[in-house]
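Q: There's a structure below that I have some questions on.
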Amino acid sequence: MSLSRNRGTLGDRIKRRVIVTSALPYINGMPHLGNLVGSMLPADIYSRYLQMAGVEHIFICGSDQHGTPIELSAIRNGIDTEKFADSMHERTKNALLNMECDFTYYGKTHTEQNKRVVYRIFEALDRNGYISEEEVMQAYCLLDMRFIPDRMIEGICPYCGSAHARGDQCDDCGRLLDPQEIVGPKCSICGKSEIEFRKTKNLAIELPMLSENIKDFIRSIEQNVSKNALNKTTSYVDAGLKSRQITRDLKWGFKVPKKGFEDKVFYVWFDAVIGYIGITMEWNEALGEEYWTDTNTELVQFMGKDNIEFHTVIWPAILEGSSIGYIKPTRIMVYEYLISGKIKFSKSRGVGLNIENALDVMGAEYWRFVLSYLLPETSDMDFSVELIFEVVNKIMNDKIGNLVNRAFTISSKNRALLSGNSLREITGRKIREKLGIYRNDFENVRMREALKQIVELADLGNEIMSVEKPWELAKAEDAEGFSKVMNDVLHICRCIGIMLWPYTPNASTYILRHFGIDGKPQIDELQKSMEFLPDDDIKPIFSKIGEREKNMLSGFG
RNA sequence: AGCGAGGUAGGGCAGCCAGGAGUACCCGCCGGGCUCAUAACCCGGAGAUCGGUGGUUCAAAUCCACCCCUCGCUACCA
């Protein structure tokens with residue numbers, strides 16, 4: 001009956017304190033499903049697990065609001081940049097909340113709190129001698145009267161003659177370019193060619209001075225990062241670190257508090273990574289300081305693979321170089337990409353399946369389940385309409401949803417026969433086994449595998465019902481036999497209800513309500529014996545998707 | 001080009017680090033069963049030269065070398 005036997009370590013863990021972060025979405029456009037699957041969703045699921053396991057933690061994310069693309073979008077829309085950034089922040093935040101992301105706090109980077117942390121860290125880096133000045137040639141548009149980032153210079157590729165070369169790279173031949181090589185350079189803001197190259201001075205962080213620290217850091221977490229991330233980091237560091245600029249000639253952003261650089265702002269990536277701390281401070285200064293400076297705090301960061309070096313090299317270098325005592329990451333979770341020939345994800349072009357219009361196709365729980373089931377932990381995931389249908393209809397609905405429905409229905413209809421809360425030893429052992437693997441998977445941050453344990457539990461429930469035919473026992477009015485079988489199945493359903501909470505919280509809540517569990521469940525509650533509460537209005541927890549969804553998804557091709 | 005990751009039945013994904021017969025798993029397919037449940041569920045079966053070649057070994061999907069294919073990154077997009 002008790003499920004406690006092989007799990008009594010909760011007491012040891014209760015003292016853990018964890019900061020979970022998701023990469024901050026850049027809000028020039030609505031985050032798409034690839035952004036969600038690579039950072040916010042796994043971070044949310046992990047954070048919900050910690051919540052269930054009773055681990056003290058915070059889950060921090062927020063909007064990355066600075067940078068040229070946002071400033072330009074605001075200009076194009078004729079809106080004040082800050083207003084634009086804030087409105088995109090609100091939209092993104094709402095969409096993420098609609099995706100059932102259960103943040104402790106979802107903030108943004110353009111805040112006084114973040115500015116304070118950025119200044120504090122910058123000044124410490126400067127004081128410690130890690131900031132240098134670099135002079136570079138930068139394109140300047142005489143009409144817009146501003147510097148233009150390399151990427152926003154367009155023109156003809158000097159190598160292949162393509163008319164679509166950009167200042168940093170030619171998309172057609174793939175060659176890396178110097179913006180001064182571009183033939184007929186045009187400013188992509190005004191579209192004119194009134195460009196000249198001017199010298200400008202920017203500040204940089206001297207990563208080479210910190211390379212030993214960085215190497216030590218990487219060694220310290222090598223057990224806690226994926227193979228891909230570790231290898232990329234190693235090759236990046238082994239290739240020899242270079243200084244990296246942290247300021248830009250822009251208006252939008254935090255002004256640089258240093259003589260001679262007052263007309264420049266911090267480069268967006270710099271205040272974005274620091275934003276993890278800044279957003280925590282926006283949430284709660286006192287607790288934030290406590291979390292970020294307690295050397296026992298675990299810092300578990302989730303991101304897509306495009307963000308690796310920022311988190312494994314540059315961010316720890318900033319933290320180390322500032323010597324303020326902020327903790328460094330203890331675990332870095334990197335996800336690969338969702339790729340699809342048919343469904344498009346493109347934030348920069350503003351088309352395709354983003355998290356806002358994905359919710360028009362089907363509910364958050366469906367996306368959360370599908371994306372978790374297909375979580376690209378080790379390799380890119382080919383994400384097809386057929387695969388979405390398979391997972392939703394066959395796995396989520398037929399196996400799990402249908403099991404709960406058939407078990408609840410037959411139990412409610414035959415409530416007079418149902419008594420006690422017995423659990424046969426064989427079933428109890430199987431449940432404990434699955435639960436043990438589930439917990440172990442979560443401790444190792446393998447959410448896709450953990451979800452499979454739930455599916456396998458549903459298989460077990462379905463098998464028990466098919467083999468033992470409780471409907472026949474009900475007809476024979478064999479109360480003892482019926483209770484024996486159905487209590488096993490109901491225990492399985494309750495267990496599924498709890499295990500499902502990180503993935504599909506609403507379905508979980510519905511299931512658990514039938515066992516008298518309200519609110520956020522604790523994994524501990526599996527030890528308690530709770531009886532099924534019959535209900536004359538049993539509803540399926542999931543339903544199938546069909547033509548409507550297929551057409552809508554195809555529409556994003 | 002360099003670096004990284006992946007290539008395992010029709011599709012999807014484990015296994016590889018610590019070598020021991022490909023009975024993993026999911027979908028699909030074929031055959032049977034069941035009728036509590038959402039045309040759902042259960043049982044059985046077919047289906048793989050483990051990308052290729054060579055090497056190490058008593059033994060290789062697993063270790064080593066080279067090659068082929070796919071994807072990603074390469075520092076001013078964030």
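Ordered as shown in the structure tokens, chains take letters A, B, and onward, while each chain numbers its residues from 1 and ligands are numbered from 1 in the order shown.
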Where does chain A meet chain B within 7 Å, residue by residue, with the nearest atom pair and distance in Å to one decimal for each, counting only C-alpha atoms (C1' of nucleotides), listed by chain and rising number, as a Markdown table?

A:
```
| residue | atom | partner | partner_atom | distance |
| --- | --- | --- | --- | --- |
| A:Tyr26 | CA | B:A78 | C1' | 6.5 |
| A:Pro149 | CA | B:C76 | C1' | 5.9 |
| A:Asp150 | CA | B:C76 | C1' | 5.4 |
| A:Arg151 | CA | B:C76 | C1' | 6.7 |
| A:Asn228 | CA | B:A5 | C1' | 6.0 |
| A:Asn231 | CA | B:G4 | C1' | 6.5 |
| A:Lys232 | CA | B:G4 | C1' | 5.7 |
| A:Ser235 | CA | B:C3 | C1' | 6.8 |
| A:Trp269 | CA | B:A78 | C1' | 6.7 |
| A:Ser379 | CA | B:G6 | C1' | 6.1 |
| A:Glu390 | CA | B:C27 | C1' | 6.5 |
| A:Asp398 | CA | B:A40 | C1' | 6.2 |
| A:Asn402 | CA | B:A37 | C1' | 6.3 |
| A:Asn405 | CA | B:A37 | C1' | 6.3 |
| A:Arg406 | CA | B:A37 | C1' | 3.9 |
| A:Ile410 | CA | B:C36 | C1' | 5.6 |
| A:Asn462 | CA | B:C41 | C1' | 6.1 |
| A:Glu463 | CA | B:C42 | C1' | 5.9 |
| A:Ser466 | CA | B:C42 | C1' | 5.2 |
| A:Val467 | CA | B:C42 | C1' | 6.8 |
| A:Trp471 | CA | B:C36 | C1' | 5.4 |
| A:Ser543 | CA | B:U38 | C1' | 6.9 |
```

Q: Can you tell me, as a list of chain:residue names, which residues in region 130-237 of chain A count as alpha helix (DSSP H) by DSSP?

A: A:Ser211, A:Glu212, A:Asn213, A:Ile214, A:Lys215, A:Asp216, A:Phe217, A:Ile218, A:Arg219, A:Ser220, A:Ile221, A:Lys227, A:Asn228, A:Ala229, A:Leu230, A:Asn231, A:Lys232, A:Thr233, A:Thr234, A:Ser235, A:Tyr236, A:Val237

Q: Give me a file of those residues, with C-alpha atoms, as a PDB file, in the first residue's frame.

A:
```pdb
ATOM      1  CA  SER A 211      40.671  31.626 -19.821  1.00  0.00           C
ATOM      2  CA  GLU A 212      42.123  29.598 -16.937  1.00  0.00           C
ATOM      3  CA  ASN A 213      39.067  30.399 -14.832  1.00  0.00           C
ATOM      4  CA  ILE A 214      36.839  29.423 -17.693  1.00  0.00           C
ATOM      5  CA  LYS A 215      38.644  26.124 -18.148  1.00  0.00           C
ATOM      6  CA  ASP A 216      38.316  25.379 -14.430  1.00  0.00           C
ATOM      7  CA  PHE A 217      34.642  26.194 -14.613  1.00  0.00           C
ATOM      8  CA  ILE A 218      34.079  23.896 -17.564  1.00  0.00           C
ATOM      9  CA  ARG A 219      35.840  21.072 -15.766  1.00  0.00           C
ATOM     10  CA  SER A 220      33.622  21.660 -12.763  1.00  0.00           C
ATOM     11  CA  ILE A 221      30.418  21.166 -14.721  1.00  0.00           C
ATOM     12  CA  LYS A 227      28.004  16.093 -24.971  1.00  0.00           C
ATOM     13  CA  ASN A 228      27.297  18.549 -27.734  1.00  0.00           C
ATOM     14  CA  ALA A 229      27.551  21.538 -25.417  1.00  0.00           C
ATOM     15  CA  LEU A 230      30.725  20.309 -23.789  1.00  0.00           C
ATOM     16  CA  ASN A 231      32.469  19.665 -27.080  1.00  0.00           C
ATOM     17  CA  LYS A 232      31.414  22.944 -28.586  1.00  0.00           C
ATOM     18  CA  THR A 233      32.637  24.745 -25.525  1.00  0.00           C
ATOM     19  CA  THR A 234      35.945  22.934 -25.478  1.00  0.00           C
ATOM     20  CA  SER A 235      36.637  23.654 -29.109  1.00  0.00           C
ATOM     21  CA  TYR A 236      35.608  27.251 -28.648  1.00  0.00           C
ATOM     22  CA  VAL A 237      38.023  27.674 -25.761  1.00  0.00           C
TER      23      VAL A 237
END
```

Q: Write out as an mmCIF file with N, CA and C atoms, in the first residue's frame each polymer residue whose atoms come within 7 Å of region 129-142 of chain A, counting only C-alpha atoms (C1' of nucleotides); drop sequence neighbours fewer than 2 positions from it.

A:
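As written to disk, around.cif reads:
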```
data_model
loop_
_atom_site.group_PDB
_atom_site.id
_atom_site.type_symbol
_atom_site.label_atom_id
_atom_site.label_comp_id
_atom_site.auth_asym_id
_atom_site.auth_seq_id
_atom_site.Cartn_x
_atom_site.Cartn_y
_atom_site.Cartn_z
ATOM 1 N N LEU A 125 34.096 44.565 -13.164
ATOM 2 C CA LEU A 125 34.964 44.034 -14.225
ATOM 3 C C LEU A 125 36.013 45.068 -14.597
ATOM 4 N N ASP A 126 35.583 46.311 -14.691
ATOM 5 C CA ASP A 126 36.484 47.401 -15.075
ATOM 6 C C ASP A 126 37.558 47.575 -13.996
ATOM 7 N N ARG A 127 37.096 47.582 -12.754
ATOM 8 C CA ARG A 127 38.019 47.749 -11.618
ATOM 9 C C ARG A 127 39.034 46.613 -11.604
ATOM 10 N N ASP A 144 20.373 58.387 -41.792
ATOM 11 C CA ASP A 144 19.770 58.054 -40.491
ATOM 12 C C ASP A 144 20.593 58.622 -39.346
ATOM 13 N N MET A 145 21.814 59.073 -39.663
ATOM 14 C CA MET A 145 22.729 59.626 -38.681
ATOM 15 C C MET A 145 22.972 58.670 -37.521
ATOM 16 N N ARG A 146 23.304 57.438 -37.906
ATOM 17 C CA ARG A 146 23.591 56.466 -36.860
ATOM 18 C C ARG A 146 24.485 55.373 -37.405
ATOM 19 N N PHE A 147 25.132 54.664 -36.477
ATOM 20 C CA PHE A 147 25.927 53.513 -36.879
ATOM 21 C C PHE A 147 24.994 52.353 -37.220
ATOM 22 N N ILE A 148 25.407 51.563 -38.189
ATOM 23 C CA ILE A 148 24.597 50.435 -38.641
ATOM 24 C C ILE A 148 25.359 49.137 -38.349
ATOM 25 N N CYS A 187 22.056 50.776 -46.588
ATOM 26 C CA CYS A 187 21.569 50.730 -45.218
ATOM 27 C C CYS A 187 20.190 50.067 -45.236
ATOM 28 N N GLU A 194 23.886 55.960 -48.669
ATOM 29 C CA GLU A 194 24.701 57.040 -48.090
ATOM 30 C C GLU A 194 25.453 56.520 -46.859
ATOM 31 N N ILE A 195 26.411 55.643 -47.145
ATOM 32 C CA ILE A 195 27.107 55.000 -46.039
ATOM 33 C C ILE A 195 28.578 55.352 -46.067
ATOM 34 N N GLU A 196 29.110 55.618 -44.899
ATOM 35 C CA GLU A 196 30.568 55.718 -44.826
ATOM 36 C C GLU A 196 31.052 54.906 -43.636
ATOM 37 N N PHE A 197 32.306 54.533 -43.675
ATOM 38 C CA PHE A 197 32.852 53.760 -42.568
ATOM 39 C C PHE A 197 33.642 54.671 -41.650
ATOM 40 N N ARG A 198 33.245 54.683 -40.419
ATOM 41 C CA ARG A 198 33.890 55.546 -39.435
ATOM 42 C C ARG A 198 34.544 54.713 -38.360
ATOM 43 N N LYS A 199 35.562 55.307 -37.783
ATOM 44 C CA LYS A 199 36.189 54.646 -36.632
ATOM 45 C C LYS A 199 35.320 54.870 -35.403
ATOM 46 N N THR A 200 35.204 53.845 -34.616
ATOM 47 C CA THR A 200 34.483 54.025 -33.360
ATOM 48 C C THR A 200 35.133 53.148 -32.307
ATOM 49 N N LYS A 201 35.041 53.608 -31.073
ATOM 50 C CA LYS A 201 35.678 52.878 -29.971
ATOM 51 C C LYS A 201 34.619 52.195 -29.132
ATOM 52 N N ASN A 202 34.834 50.933 -28.838
ATOM 53 C CA ASN A 202 33.907 50.237 -27.956
ATOM 54 C C ASN A 202 34.664 49.506 -26.853
ATOM 55 N N LEU A 203 33.943 49.165 -25.837
ATOM 56 C CA LEU A 203 34.542 48.446 -24.720
ATOM 57 C C LEU A 203 34.376 46.949 -24.924
ATOM 58 N N ALA A 204 35.372 46.203 -24.453
ATOM 59 C CA ALA A 204 35.320 44.753 -24.618
ATOM 60 C C ALA A 204 35.722 44.087 -23.316
ATOM 61 N N ILE A 205 35.246 42.866 -23.147
ATOM 62 C CA ILE A 205 35.684 42.089 -21.989
ATOM 63 C C ILE A 205 36.835 41.205 -22.430
ATOM 64 N N GLU A 206 37.897 41.200 -21.648
ATOM 65 C CA GLU A 206 39.119 40.473 -22.004
ATOM 66 C C GLU A 206 39.003 39.005 -21.603
ATOM 67 N N GLY A 321 34.921 37.194 -13.397
ATOM 68 C CA GLY A 321 35.723 38.415 -13.504
ATOM 69 C C GLY A 321 35.235 39.528 -12.603
#
```

Q: Find the spatial neighbours of A60 (chain B), counting only C-alpha atoms (C1' of nucleotides), within a cut-off of 10 Å - ignore same-chain residues fewer than 2 positions away - and output them as a VMD selection string.

A: chain B and resid 19 to 20 56 to 57 62 to 63

Q: Using only C-alpha atoms (C1' of nucleotides), please write the residues we just selected to a file, as a CSV table (one decimal), in the first residue's frame.

A:
```
chain,number,residue,atom,x,y,z
B,19,G,C1',32.2,-4.8,-26.0
B,20,G,C1',29.1,-10.6,-24.6
B,56,U,C1',41.6,-4.4,-32.5
B,57,U,C1',39.3,-8.7,-30.0
B,62,U,C1',29.3,-0.5,-28.9
B,63,C,C1',36.5,0.5,-29.2
```

Q: Out of region 292-454 of chain A, which residues get strand (DSSP E) from DSSP, as a PDB file with C-alpha atoms, in the first residue's frame?

A:
```pdb
ATOM      1  CA  GLU A 298      22.264  25.157  -7.663  1.00  0.00           C
ATOM      2  CA  LEU A 299      21.898  27.158 -10.860  1.00  0.00           C
ATOM      3  CA  VAL A 300      20.236  25.060 -13.553  1.00  0.00           C
ATOM      4  CA  GLN A 301      19.997  26.835 -16.888  1.00  0.00           C
ATOM      5  CA  PHE A 302      18.007  25.740 -19.928  1.00  0.00           C
ATOM      6  CA  MET A 303      18.664  26.899 -23.479  1.00  0.00           C
ATOM      7  CA  GLY A 304      18.745  26.024 -27.139  1.00  0.00           C
ATOM      8  CA  ARG A 331      24.037  22.490 -14.686  1.00  0.00           C
ATOM      9  CA  ILE A 332      23.553  23.601 -18.265  1.00  0.00           C
ATOM     10  CA  MET A 333      20.795  21.915 -20.220  1.00  0.00           C
ATOM     11  CA  VAL A 334      21.025  22.336 -23.951  1.00  0.00           C
ATOM     12  CA  TYR A 335      18.356  21.323 -26.441  1.00  0.00           C
ATOM     13  CA  LEU A 338      12.857  21.248 -33.993  1.00  0.00           C
ATOM     14  CA  ILE A 339      13.161  21.039 -37.704  1.00  0.00           C
ATOM     15  CA  PHE A 345       9.373  28.478 -37.574  1.00  0.00           C
ATOM     16  CA  SER A 346      10.838  31.861 -38.236  1.00  0.00           C
ATOM     17  CA  VAL A 351       5.858  33.949 -40.088  1.00  0.00           C
ATOM     18  CA  GLY A 352       5.111  30.399 -39.074  1.00  0.00           C
ATOM     19  CA  MET A 381      13.814  16.527 -34.058  1.00  0.00           C
ATOM     20  CA  ASP A 382      12.003  16.295 -37.333  1.00  0.00           C
TER      21      ASP A 382
END
```

Q: Residues near A61 (chain B), anyone? I mean within 9 Å using only C-alpha atoms (C1' of nucleotides), not counting same-chain ones fewer than 5 positions away, as an MDAnalysis selection string.

A: chainID B and resid 8 15:16 22 50

Q: Show me, as a PyMOL selection string, the residues that have an atom within 10 Å of region 288-293 of chain A when counting only C-alpha atoms (C1' of nucleotides), minus same-chain residues fewer than 5 positions from it.

A: chain A and resi 17-19+57-58+276-283+298-299+324-328

Q: Nearest residue to Asn128 (chain A) out of A:Gly54, A:Asn506, A:Ser323, A:Thr109, using only C-alpha atoms?

A: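 The answer is A:Ser323, which sits nearest to Asn128 (chain A).
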
Q: Do a neighbour search on Phe103 (chain A) at 10 Å with only C-alpha atoms (C1' of nucleotides), toss out local chain neighbours closer than 3 positions, and write the hits as a ChimeraX atom specification.

A: /A:20-22,40,43-44,47-48,58-62,96-97,100,106-107

Q: Could you take the residues named above and write them with all heavy atoms, as a CSV table (one decimal), in the first residue's frame?

A:
```csv
chain,number,residue,atom,x,y,z
A,20,VAL,N,16.2,27.9,-11.3
A,20,VAL,CA,16.0,27.4,-12.6
A,20,VAL,C,15.8,28.6,-13.6
A,20,VAL,O,15.1,29.5,-13.3
A,20,VAL,CB,14.7,26.5,-12.7
A,20,VAL,CG1,14.5,26.0,-14.1
A,20,VAL,CG2,14.8,25.4,-11.7
A,21,THR,N,16.6,28.6,-14.7
A,21,THR,CA,16.4,29.7,-15.6
A,21,THR,C,16.1,29.1,-17.0
A,21,THR,O,16.5,28.0,-17.3
A,21,THR,CB,17.6,30.6,-15.8
A,21,THR,OG1,18.6,29.9,-16.5
A,21,THR,CG2,18.1,31.1,-14.4
A,22,SER,N,15.3,29.9,-17.7
A,22,SER,CA,15.1,29.6,-19.2
A,22,SER,C,15.8,30.7,-19.9
A,22,SER,O,15.7,31.9,-19.5
A,22,SER,CB,13.7,29.5,-19.5
A,22,SER,OG,13.5,29.9,-20.9
A,40,MET,N,12.0,27.4,-22.5
A,40,MET,CA,11.0,27.7,-21.5
A,40,MET,C,10.2,26.4,-21.0
A,40,MET,O,10.0,26.2,-19.8
A,40,MET,CB,9.9,28.7,-22.0
A,40,MET,CG,10.4,30.1,-22.2
A,40,MET,SD,11.3,30.1,-23.8
A,40,MET,CE,10.4,31.4,-24.7
A,43,ALA,N,12.4,24.0,-18.9
A,43,ALA,CA,12.7,24.7,-17.6
A,43,ALA,C,11.5,24.6,-16.8
A,43,ALA,O,11.5,24.4,-15.6
A,43,ALA,CB,13.1,26.1,-17.9
A,44,ASP,N,10.3,24.9,-17.4
A,44,ASP,CA,9.0,24.9,-16.6
A,44,ASP,C,8.7,23.5,-16.1
A,44,ASP,O,8.3,23.3,-14.9
A,44,ASP,CB,7.9,25.3,-17.5
A,44,ASP,CG,6.6,25.4,-16.8
A,44,ASP,OD1,6.5,26.1,-15.8
A,44,ASP,OD2,5.6,24.7,-17.2
A,47,SER,N,11.1,22.8,-13.3
A,47,SER,CA,10.7,23.6,-12.1
A,47,SER,C,9.5,23.0,-11.4
A,47,SER,O,9.4,23.0,-10.2
A,47,SER,CB,10.5,25.0,-12.6
A,47,SER,OG,9.8,25.7,-11.6
A,48,ARG,N,8.5,22.6,-12.2
A,48,ARG,CA,7.3,22.0,-11.6
A,48,ARG,C,7.6,20.7,-10.9
A,48,ARG,O,7.0,20.4,-9.8
A,48,ARG,CB,6.3,21.7,-12.7
A,48,ARG,CG,5.5,23.0,-13.2
A,48,ARG,CD,4.7,22.6,-14.4
A,48,ARG,NE,3.9,23.8,-14.8
A,48,ARG,CZ,2.7,24.1,-14.4
A,48,ARG,NH1,2.1,23.4,-13.4
A,48,ARG,NH2,2.1,25.1,-14.9
A,58,ILE,N,13.4,28.8,-7.3
A,58,ILE,CA,12.7,29.8,-8.1
A,58,ILE,C,12.9,29.5,-9.6
A,58,ILE,O,14.0,29.0,-10.0
A,58,ILE,CB,13.2,31.2,-7.7
A,58,ILE,CG1,14.7,31.3,-7.8
A,58,ILE,CG2,12.7,31.6,-6.4
A,58,ILE,CD1,15.3,32.7,-7.6
A,59,PHE,N,12.0,29.9,-10.3
A,59,PHE,CA,12.0,29.7,-11.8
A,59,PHE,C,11.9,31.1,-12.4
A,59,PHE,O,10.9,31.8,-12.3
A,59,PHE,CB,10.9,28.8,-12.2
A,59,PHE,CG,10.8,28.7,-13.7
A,59,PHE,CD1,11.8,28.8,-14.6
A,59,PHE,CD2,9.5,28.4,-14.3
A,59,PHE,CE1,11.7,28.6,-16.0
A,59,PHE,CE2,9.3,28.2,-15.7
A,59,PHE,CZ,10.5,28.4,-16.5
A,60,ILE,N,13.0,31.5,-13.1
A,60,ILE,CA,13.2,32.9,-13.6
A,60,ILE,C,13.3,32.9,-15.1
A,60,ILE,O,14.1,32.1,-15.7
A,60,ILE,CB,14.5,33.5,-12.9
A,60,ILE,CG1,14.3,33.6,-11.4
A,60,ILE,CG2,14.8,34.9,-13.6
A,60,ILE,CD1,13.3,34.6,-10.9
A,61,CYS,N,12.6,33.8,-15.7
A,61,CYS,CA,12.7,34.0,-17.1
A,61,CYS,C,12.3,35.4,-17.4
A,61,CYS,O,11.8,36.1,-16.5
A,61,CYS,CB,11.9,33.0,-17.9
A,61,CYS,SG,12.1,33.1,-19.7
A,62,GLY,N,12.4,35.9,-18.6
A,62,GLY,CA,11.9,37.2,-18.9
A,62,GLY,C,12.2,37.6,-20.3
A,62,GLY,O,12.9,36.9,-21.1
A,96,LEU,N,3.1,33.0,-23.0
A,96,LEU,CA,3.8,32.0,-22.2
A,96,LEU,C,3.0,31.5,-21.0
A,96,LEU,O,3.0,30.3,-20.7
A,96,LEU,CB,5.2,32.5,-21.7
A,96,LEU,CG,6.3,32.6,-22.8
A,96,LEU,CD1,7.5,33.4,-22.2
A,96,LEU,CD2,6.7,31.3,-23.3
A,97,LEU,N,2.2,32.5,-20.4
A,97,LEU,CA,1.3,32.1,-19.3
A,97,LEU,C,0.2,31.2,-19.9
A,97,LEU,O,-0.2,30.2,-19.3
A,97,LEU,CB,0.8,33.3,-18.6
A,97,LEU,CG,1.8,34.1,-17.8
A,97,LEU,CD1,1.1,35.3,-17.2
A,97,LEU,CD2,2.5,33.3,-16.8
A,100,GLU,N,0.9,27.7,-20.0
A,100,GLU,CA,1.0,27.2,-18.7
A,100,GLU,C,2.4,27.2,-18.1
A,100,GLU,O,2.7,26.3,-17.3
A,100,GLU,CB,0.4,25.7,-18.7
A,100,GLU,CG,-1.0,25.5,-19.2
A,100,GLU,CD,-2.1,26.1,-18.3
A,100,GLU,OE1,-1.8,26.5,-17.2
A,100,GLU,OE2,-3.2,26.2,-18.8
A,106,TYR,N,8.3,36.2,-14.3
A,106,TYR,CA,8.7,36.5,-15.7
A,106,TYR,C,8.9,38.0,-15.8
A,106,TYR,O,7.9,38.8,-15.7
A,106,TYR,CB,7.6,36.0,-16.6
A,106,TYR,CG,8.0,36.2,-18.1
A,106,TYR,CD1,8.8,35.3,-18.8
A,106,TYR,CD2,7.7,37.4,-18.8
A,106,TYR,CE1,9.2,35.5,-20.1
A,106,TYR,CE2,8.1,37.6,-20.1
A,106,TYR,CZ,8.9,36.6,-20.7
A,106,TYR,OH,9.3,36.8,-22.0
A,107,GLY,N,10.1,38.4,-15.9
A,107,GLY,CA,10.4,39.9,-15.9
A,107,GLY,C,10.9,40.3,-17.3
A,107,GLY,O,10.5,39.8,-18.3
```

Q: Could you work out how far CA of Gly155 (chain A) lies from CA of Gly167 (chain A), giving the answer in Å with one decimal?

A: 7.9 Å
